[in-house]
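Step one of this worksheet: look at the structure below.
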There are 4 protein chains.
Amino acid sequence: MITPLSARDTLDIPGLERLIEHILAGGVHGIFLLGTTGEGPSLSYRLRRELIERACDFIHGRVPVLVGITDTAAVESFAIARCAAENGAKALVLAAPHYFPMNQAELLAYLRRIVPDLPLPVVLYNMPSHTKTAFEVETVREAMNIPRIIGLKDSSGDMGYFHSLIQLHDHRPDFSFSIGPEQLLAEAILLGGCGGVCGGANFRPRLYVDLFEAATAGDLKRVPELHRQVMEFATGLYSIGGPNFGVINGLKCALKHFGICEDFTAEPFAQLNDAQRREVHACLSILGIARN
Amino acid sequence: MITPLSARDTLDIPGLERLIEHILAGGVHGIFLLGTTGEGPSLSYRLRRELIERACDFIHGRVPVLVGITDTAAVESFAIARCAAENGAKALVLAAPHYFPMNQAELLAYLRRIVPDLPLPVVLYNMPSHTKTAFEVETVREAMNIPRIIGLKDSSGDMGYFHSLIQLHDHRPDFSFSIGPEQLLAEAILLGGCGGVCGGANFRPRLYVDLFEAATAGDLKRVPELHRQVMEFATGLYSIGGPNFGVINGLKCALKHFGICEDFTAEPFAQLNDAQRREVHACLSILGIARN
Amino acid sequence: MITPLSARDTLDIPGLERLIEHILAGGVHGIFLLGTTGEGPSLSYRLRRELIERACDFIHGRVPVLVGITDTAAVESFAIARCAAENGAKALVLAAPHYFPMNQAELLAYLRRIVPDLPLPVVLYNMPSHTKTAFEVETVREAMNIPRIIGLKDSSGDMGYFHSLIQLHDHRPDFSFSIGPEQLLAEAILLGGCGGVCGGANFRPRLYVDLFEAATAGDLKRVPELHRQVMEFATGLYSIGGPNFGVINGLKCALKHFGICEDFTAEPFAQLNDAQRREVHACLSILGIARN
Amino acid sequence: MITPLSARDTLDIPGLERLIEHILAGGVHGIFLLGTTGEGPSLSYRLRRELIERACDFIHGRVPVLVGITDTAAVESFAIARCAAENGAKALVLAAPHYFPMNQAELLAYLRRIVPDLPLPVVLYNMPSHTKTAFEVETVREAMNIPRIIGLKDSSGDMGYFHSLIQLHDHRPDFSFSIGPEQLLAEAILLGGCGGVCGGANFRPRLYVDLFEAATAGDLKRVPELHRQVMEFATGLYSIGGPNFGVINGLKCALKHFGICEDFTAEPFAQLNDAQRREVHACLSILGIARN
């Protein structure tokens, strides 16, 4: 879930409530707070805690809540984790530390030291484009033996790697492997993945739920068409504002256009300018996504 | 300066005081808190503030203090900057944001938005191995026009880049270009750089001050020999505990061996084990660095 | 197709004939000579020409032959291309130049200068792990307007990129997008790709043809099981002898074990040692692939 | 040395002779044929042999000749090496294989297999930006025990690495470490390097020889000024025509402007256009390098 903001350190609370209702109306199976699309690392700790409290309160147990605790400082990861547990979240999401480079032995030692002390089950988050450090297959195999680790979300975009992870299911069938990039949702589900964490579901939750369900059902009539819609949406919307900042800015701008929430993004992102906002609106028109 | 710790969130206060006296006795011209070697990003915000307060108090104006404010959250960078200003620091040090990848236009826009609101002069910190994003030469040329930016510390290890920065001096001779890796201190000073920020100066401040002074004086009798000593020290000590964590763990272990401060390092680093500590001691013996 | 060798510059001619019969018996739809798996860049020009002549003669038009002409020297690429045309090949395969780094404008200019003078239709070959330079989506869109270019084989492993290529089909439905890594064959075909160029088909051609046909038919009963077999085969066999050289060494060793051809590989590869050969045999046993 | 060409596969023979006289008149201590600046990998094997024969004939033993034999095919490397030996070259220059990625153990095994069979002494050539594979310090330490290897030219641009190589001198003082990027010549010589292989010396041989000699003599009055001239020349000239192709195109264009040789460059390079040629001429004017 994106984090609706009205200023650098101000949560857009009415927007947050409308956004949660919009997403839940689309049929999603869970909500992930403070991930990359949620701008987690860009937010003050005070605002992260406020978001957890408010979102958990609005969601009120209708779907499970997962909370990102990735941070360069372990002390702060633990503080966010405690806040998540106290507010009823079901699991924590933890990427590799992202300032110091590290090798796989160091990464595994880090997990062994940190994870057992966390107050909730943990989903690993493979995001090497942002953290520099990937969870390699052998590291995941070892990490599956660390108590509390229950799954992995892969945002590497490397489907060969993802298929190698799926092979680890033989060792522990209860472990969940889900996919990050929505462009890869169809194939991930068709070939053994458990689910997807799709940024686009902030705006069009029903499309992604439909694709997930069609793929789970092996419905090859519907999957290619829904996949095509996801590709058109992502290709069209996410490049406005540049390749790095376009996804979040594009989603927030579309949500504002539909009256759901403010489109402020925290630094290091820049706000879209007026021309870019018009591009977003034009893109939605072309895709036939009309304002209600 | 390394940050002396006795536990994950506990400052080693007597160690901090001894360390500062040790460093100042070696003749350094300034102290940089909460940089990479200072494990800044690994520390809780509470501890970062405590360190700034205590260190500024102990240093008591004998040399200028610089404070690292690099963070993924701009709100937290501002908070640390205010703390630094209130405690008498002379400048802030700011690397590129280090979670989201960004291009040069985005990086420059970020600087333009953030830097003018900071309460002290700012030194940019080029550290692409950790932040993923470098300050390219053209970006630095533009950034030199942003108020408050007074210098750049380059830890890229790319001397061709550093020499290109030196060429920018023609535009603004008061701007300061200093070098990060101590292995490059000699040539940086010989060929136009202003100074160095040397991790090894935590343990052997006099060696690095001597090399700086010999290079500044153009004393080619002394520079190669002092440079050789720096190379031997760095090659010997910093590889123990692995290429990523070795520098800080090695320095802290050597400082503990000399009775200066505790050698705890915060996550994601692992503590050295006993065998690695013995390697550090053996390395110091070989280098002829005897315990007092 | 791998290139059967009995020494650094000696083609294993009886092995070549047996290999071609073995592959064709498996039902493949075409044969690609002098690609990466064919060790094209490692072979002398004399041997490359000998291989083209002999292979085209043995294949004798039963399936189309494609010939890799990737080279650092354009003059040599043209020479190989002429040899391919004279021997009845149907198309040429061209990766980005692989010594000098280049940007997308330079790559496109290179294609515009080289391709129109080639004597046969051209398939682009995206192989950034080896060439350093990728064909980005916008470059492919432009390249689709260059005469003679009829398709692209993507070995990047990046399925998001591949799906973006598939979107270009709207502009030119006759253009063919095929996939390199066999681990991605299933999803590439299910979601709009035209085919695959699978190294494993040297040894088990029927498995890959079956997977291609099941995916083309949308047979979701068979696809996951055949995909699982491909993953087990690739994961088991290709890692022996190291991640870089394992694929080709593993395939050649398995082919030798089955009496098809010699297993010599040209430099920079090293030959498998006896222990590694036993590992290959053990891997085949575990996978239930018995020697005839 | 650049390779003067009048067309893709045609050596500019009068230009070659004038260029050699120009370079030798500048006082250089040796000539390196078929390196990166010599476009070695872009040239046909026929032309590479022609160049070796003609250049060795024109040079006629006045300085030692080194010949680059880097190639993806070992058979072709040997052929070029034989040609070099037959024409009186003194040494061969060998970079890592540059199509297949390889690890350090594979690289070392490759050297052990290839080098002992070469007919002349060998200088290793570290060029990871083009070959993808670097010679790491431990690999160089091992390679120093392989017969025939007498030195290493480092074009990585990483001076920390270069200083670590210099430390290996203790093991074998006769081994020669020279530097590639001319921007790093001054410091490489001041701090223990043996020499430089400077592309700019094609055009301004005297400048580079002067800098080498001033640095060797420890003349800190002259070194910074000569280094500044090198930086201005390189910064000004090499960026015209883009960062990848600019060095060679810029040098050739300047040489043509002075009537020394043709400025054709082989693919994958594009020829400079008229506007770019005027930029080169303007750059030379600004630098005060007048046409004779």
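As shown in the structure tokens, the chain order sets the letters A, B, ...; within each chain, residues go from 1, and ligands are also counted from 1 in the order they appear.
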
Wanna dump the chain B-chain A contacts at 7 Å for me, each residue with its shortest atom pair and the distance in Å to one decimal, counting only C-alpha atoms, ordered by chain and number, as a Markdown table?
```
| residue | atom | partner | partner_atom | distance |
| --- | --- | --- | --- | --- |
| B:Pro41 | CA | A:Thr72 | CA | 5.5 |
| B:Ser42 | CA | A:Ala73 | CA | 4.0 |
| B:Leu43 | CA | A:Ala73 | CA | 5.2 |
| B:Ser44 | CA | A:Val75 | CA | 5.8 |
| B:Thr72 | CA | A:Ser42 | CA | 5.2 |
| B:Ala73 | CA | A:Ser42 | CA | 4.0 |
| B:Ala74 | CA | A:Glu267 | CA | 6.2 |
| B:Val75 | CA | A:Ser44 | CA | 5.8 |
| B:Glu76 | CA | A:Ser44 | CA | 6.0 |
| B:Pro97 | CA | A:Pro268 | CA | 6.7 |
| B:His98 | CA | A:Tyr99 | CA | 6.7 |
| B:Tyr99 | CA | A:His130 | CA | 5.4 |
| B:Phe100 | CA | A:His130 | CA | 5.8 |
| B:Pro101 | CA | A:Asn244 | CA | 6.4 |
| B:Met102 | CA | A:Asn244 | CA | 6.0 |
| B:Tyr110 | CA | A:Pro268 | CA | 5.9 |
| B:His130 | CA | A:Tyr99 | CA | 5.4 |
| B:Thr131 | CA | A:Tyr99 | CA | 6.6 |
| B:Asn244 | CA | A:Met102 | CA | 6.0 |
| B:Glu267 | CA | A:Ala74 | CA | 6.2 |
| B:Pro268 | CA | A:Tyr110 | CA | 5.9 |
```

Keeping N, CA and C atoms, export the residues of the selection given above as a PDB file, in the first residue's frame.
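The file below, selection26.pdb, is the result:
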```pdb
ATOM      1  N   PRO B  41      24.527   5.084   9.956  1.00  0.00           N
ATOM      2  CA  PRO B  41      23.227   4.537   9.577  1.00  0.00           C
ATOM      3  C   PRO B  41      22.781   3.347  10.429  1.00  0.00           C
ATOM      4  N   SER B  42      23.699   2.728  11.169  1.00  0.00           N
ATOM      5  CA  SER B  42      23.343   1.544  11.969  1.00  0.00           C
ATOM      6  C   SER B  42      22.846   1.900  13.361  1.00  0.00           C
ATOM      7  N   LEU B  43      22.888   3.162  13.726  1.00  0.00           N
ATOM      8  CA  LEU B  43      22.609   3.563  15.106  1.00  0.00           C
ATOM      9  C   LEU B  43      21.211   4.142  15.236  1.00  0.00           C
ATOM     10  N   SER B  44      20.605   3.927  16.383  1.00  0.00           N
ATOM     11  CA  SER B  44      19.287   4.527  16.639  1.00  0.00           C
ATOM     12  C   SER B  44      19.422   6.040  16.670  1.00  0.00           C
ATOM     13  N   THR B  72      17.686   7.834   4.964  1.00  0.00           N
ATOM     14  CA  THR B  72      16.674   7.611   3.928  1.00  0.00           C
ATOM     15  C   THR B  72      15.482   8.541   4.137  1.00  0.00           C
ATOM     16  N   ALA B  73      15.305   9.059   5.340  1.00  0.00           N
ATOM     17  CA  ALA B  73      14.153   9.924   5.641  1.00  0.00           C
ATOM     18  C   ALA B  73      14.635  11.343   5.868  1.00  0.00           C
ATOM     19  N   ALA B  74      14.171  12.269   5.029  1.00  0.00           N
ATOM     20  CA  ALA B  74      14.610  13.663   5.138  1.00  0.00           C
ATOM     21  C   ALA B  74      14.254  14.257   6.500  1.00  0.00           C
ATOM     22  N   VAL B  75      13.107  13.882   7.038  1.00  0.00           N
ATOM     23  CA  VAL B  75      12.704  14.411   8.347  1.00  0.00           C
ATOM     24  C   VAL B  75      13.751  14.079   9.408  1.00  0.00           C
ATOM     25  N   GLU B  76      14.285  12.877   9.357  1.00  0.00           N
ATOM     26  CA  GLU B  76      15.288  12.480  10.348  1.00  0.00           C
ATOM     27  C   GLU B  76      16.625  13.175  10.081  1.00  0.00           C
ATOM     28  N   PRO B  97      20.801   9.928  -1.090  1.00  0.00           N
ATOM     29  CA  PRO B  97      19.833   9.023  -0.456  1.00  0.00           C
ATOM     30  C   PRO B  97      20.160   7.585  -0.838  1.00  0.00           C
ATOM     31  N   HIS B  98      19.983   6.634   0.066  1.00  0.00           N
ATOM     32  CA  HIS B  98      20.557   5.310  -0.193  1.00  0.00           C
ATOM     33  C   HIS B  98      19.570   4.156  -0.182  1.00  0.00           C
ATOM     34  N   TYR B  99      18.294   4.405  -0.345  1.00  0.00           N
ATOM     35  CA  TYR B  99      17.395   3.273  -0.578  1.00  0.00           C
ATOM     36  C   TYR B  99      16.921   3.297  -2.033  1.00  0.00           C
ATOM     37  N   PHE B 100      16.214   4.335  -2.410  1.00  0.00           N
ATOM     38  CA  PHE B 100      15.731   4.424  -3.789  1.00  0.00           C
ATOM     39  C   PHE B 100      16.865   4.791  -4.741  1.00  0.00           C
ATOM     40  N   PRO B 101      17.042   4.056  -5.826  1.00  0.00           N
ATOM     41  CA  PRO B 101      17.993   4.492  -6.864  1.00  0.00           C
ATOM     42  C   PRO B 101      17.512   5.808  -7.461  1.00  0.00           C
ATOM     43  N   MET B 102      18.435   6.628  -7.925  1.00  0.00           N
ATOM     44  CA  MET B 102      18.037   7.883  -8.547  1.00  0.00           C
ATOM     45  C   MET B 102      19.037   8.292  -9.611  1.00  0.00           C
ATOM     46  N   TYR B 110      16.983  16.919  -5.429  1.00  0.00           N
ATOM     47  CA  TYR B 110      16.955  16.595  -3.999  1.00  0.00           C
ATOM     48  C   TYR B 110      17.829  17.563  -3.208  1.00  0.00           C
ATOM     49  N   HIS B 130      28.117   2.420  -1.371  1.00  0.00           N
ATOM     50  CA  HIS B 130      27.112   2.211  -0.337  1.00  0.00           C
ATOM     51  C   HIS B 130      25.752   2.822  -0.714  1.00  0.00           C
ATOM     52  N   THR B 131      25.765   3.944  -1.415  1.00  0.00           N
ATOM     53  CA  THR B 131      24.494   4.624  -1.724  1.00  0.00           C
ATOM     54  C   THR B 131      23.944   4.257  -3.098  1.00  0.00           C
ATOM     55  N   ASN B 244      33.896  -6.496   3.841  1.00  0.00           N
ATOM     56  CA  ASN B 244      32.869  -5.492   4.088  1.00  0.00           C
ATOM     57  C   ASN B 244      32.950  -4.923   5.505  1.00  0.00           C
ATOM     58  N   GLU B 267      24.680  -4.102  14.483  1.00  0.00           N
ATOM     59  CA  GLU B 267      24.227  -4.772  13.274  1.00  0.00           C
ATOM     60  C   GLU B 267      24.149  -3.765  12.136  1.00  0.00           C
ATOM     61  N   PRO B 268      24.375  -4.159  10.892  1.00  0.00           N
ATOM     62  CA  PRO B 268      24.462  -5.527  10.393  1.00  0.00           C
ATOM     63  C   PRO B 268      25.819  -6.191  10.612  1.00  0.00           C
TER      64      PRO B 268
END
```

Skipping near chain neighbours, those fewer than 3 positions away, what residues fall within 10 Å of Arg62 (chain A) using only C-alpha atoms, listed as a compact mmCIF listing (two decimals) with N, CA and C atoms, in the first residue's frame?
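The file below, selection-v7.txt, is the result:
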```
# COMPACT_ATOMS: atom_id res chain seq x y z
N LEU A 24 -9.80 -2.71 -0.21
CA LEU A 24 -10.54 -3.88 0.31
C LEU A 24 -11.74 -4.19 -0.58
N HIS A 29 -6.25 -9.87 -0.57
CA HIS A 29 -6.20 -10.86 0.52
C HIS A 29 -5.34 -10.41 1.69
N GLY A 30 -4.73 -9.25 1.60
CA GLY A 30 -3.89 -8.75 2.69
C GLY A 30 -3.37 -7.38 2.30
N ILE A 31 -2.85 -6.65 3.29
CA ILE A 31 -2.29 -5.32 3.02
C ILE A 31 -0.90 -5.24 3.63
N CYS A 56 -4.11 -0.08 10.85
CA CYS A 56 -4.63 -1.28 11.53
C CYS A 56 -6.02 -1.01 12.10
N PHE A 58 -8.28 1.17 10.91
CA PHE A 58 -9.26 1.22 9.81
C PHE A 58 -9.52 -0.18 9.23
N ILE A 59 -8.46 -0.96 9.07
CA ILE A 59 -8.61 -2.29 8.46
C ILE A 59 -9.39 -3.21 9.40
N VAL A 65 -2.58 -7.82 8.05
CA VAL A 65 -1.69 -6.69 7.77
C VAL A 65 -0.25 -7.15 7.96
```

Counting only C-alpha atoms, the option among C:Leu220, C:Val209, C:Ala85, C:Cys283 closest to Ser239 (chain C): C:Cys283

As a ChimeraX atom specification, list the residues of region 15-183 of chain D assigned to helix (DSSP H, G or I) by DSSP on the backbone atoms of this structure. /D:15-25,40-42,45-59,74-86,104-117,128-131,137-143,159-170,182-183

Mind checking which residues fall within 7 Å of region 10-13 of chain B, counting only C-alpha atoms, ignoring those fewer than 5 positions away in the same chain, and posting them as a compact mmCIF listing (two decimals) with N, CA and C atoms, in the first residue's frame?
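As written to disk, result.txt reads:
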```txt
# COMPACT_ATOMS: atom_id res chain seq x y z
N PRO B 4 32.29 4.49 19.64
CA PRO B 4 32.51 3.44 20.65
C PRO B 4 31.18 2.98 21.26
N LEU B 5 30.94 1.70 21.23
CA LEU B 5 29.69 1.13 21.73
C LEU B 5 30.00 0.02 22.73
N GLU B 262 35.69 0.07 23.92
CA GLU B 262 35.10 -1.23 23.61
C GLU B 262 35.10 -1.46 22.10
```

Skipping near chain neighbours, those fewer than 2 positions away, what residues fall within 8 Å of Ala254 (chain C) using only C-alpha atoms, listed as a PDB file with N, CA, C and O atoms, in the first residue's frame?
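Final output, selection_28.pdb:
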```pdb
ATOM      1  N   PHE C 203      20.806 -32.236 -25.334  1.00  0.00           N
ATOM      2  CA  PHE C 203      20.839 -33.549 -24.694  1.00  0.00           C
ATOM      3  C   PHE C 203      19.454 -34.171 -24.645  1.00  0.00           C
ATOM      4  O   PHE C 203      19.285 -35.364 -24.866  1.00  0.00           O
ATOM      5  N   GLY C 250      28.715 -29.320 -18.613  1.00  0.00           N
ATOM      6  CA  GLY C 250      27.766 -30.334 -18.169  1.00  0.00           C
ATOM      7  C   GLY C 250      27.077 -31.003 -19.349  1.00  0.00           C
ATOM      8  O   GLY C 250      26.950 -32.226 -19.413  1.00  0.00           O
ATOM      9  N   LEU C 251      26.627 -30.207 -20.308  1.00  0.00           N
ATOM     10  CA  LEU C 251      25.958 -30.771 -21.483  1.00  0.00           C
ATOM     11  C   LEU C 251      26.904 -31.670 -22.276  1.00  0.00           C
ATOM     12  O   LEU C 251      26.537 -32.774 -22.691  1.00  0.00           O
ATOM     13  N   LYS C 252      28.132 -31.204 -22.483  1.00  0.00           N
ATOM     14  CA  LYS C 252      29.075 -32.001 -23.278  1.00  0.00           C
ATOM     15  C   LYS C 252      29.431 -33.295 -22.565  1.00  0.00           C
ATOM     16  O   LYS C 252      29.551 -34.359 -23.193  1.00  0.00           O
ATOM     17  N   LYS C 256      28.762 -37.037 -23.963  1.00  0.00           N
ATOM     18  CA  LYS C 256      29.824 -38.036 -24.097  1.00  0.00           C
ATOM     19  C   LYS C 256      29.423 -39.325 -23.379  1.00  0.00           C
ATOM     20  O   LYS C 256      29.630 -40.438 -23.884  1.00  0.00           O
ATOM     21  N   HIS C 257      28.841 -39.168 -22.182  1.00  0.00           N
ATOM     22  CA  HIS C 257      28.402 -40.320 -21.397  1.00  0.00           C
ATOM     23  C   HIS C 257      27.425 -41.175 -22.197  1.00  0.00           C
ATOM     24  O   HIS C 257      27.363 -42.395 -22.050  1.00  0.00           O
ATOM     25  N   PHE C 258      26.647 -40.544 -23.035  1.00  0.00           N
ATOM     26  CA  PHE C 258      25.676 -41.261 -23.870  1.00  0.00           C
ATOM     27  C   PHE C 258      26.268 -41.661 -25.219  1.00  0.00           C
ATOM     28  O   PHE C 258      25.548 -42.122 -26.108  1.00  0.00           O
ATOM     29  N   VAL C 280      28.552 -35.491 -12.764  1.00  0.00           N
ATOM     30  CA  VAL C 280      27.590 -35.421 -13.869  1.00  0.00           C
ATOM     31  C   VAL C 280      26.862 -36.746 -14.016  1.00  0.00           C
ATOM     32  O   VAL C 280      25.618 -36.787 -14.124  1.00  0.00           O
ATOM     33  N   HIS C 281      27.612 -37.839 -13.971  1.00  0.00           N
ATOM     34  CA  HIS C 281      26.974 -39.153 -14.134  1.00  0.00           C
ATOM     35  C   HIS C 281      25.989 -39.398 -12.987  1.00  0.00           C
ATOM     36  O   HIS C 281      24.875 -39.885 -13.191  1.00  0.00           O
ATOM     37  N   LEU C 284      22.812 -37.478 -13.510  1.00  0.00           N
ATOM     38  CA  LEU C 284      21.935 -38.108 -14.508  1.00  0.00           C
ATOM     39  C   LEU C 284      21.204 -39.297 -13.890  1.00  0.00           C
ATOM     40  O   LEU C 284      20.018 -39.525 -14.153  1.00  0.00           O
TER      41      LEU C 284
END
```
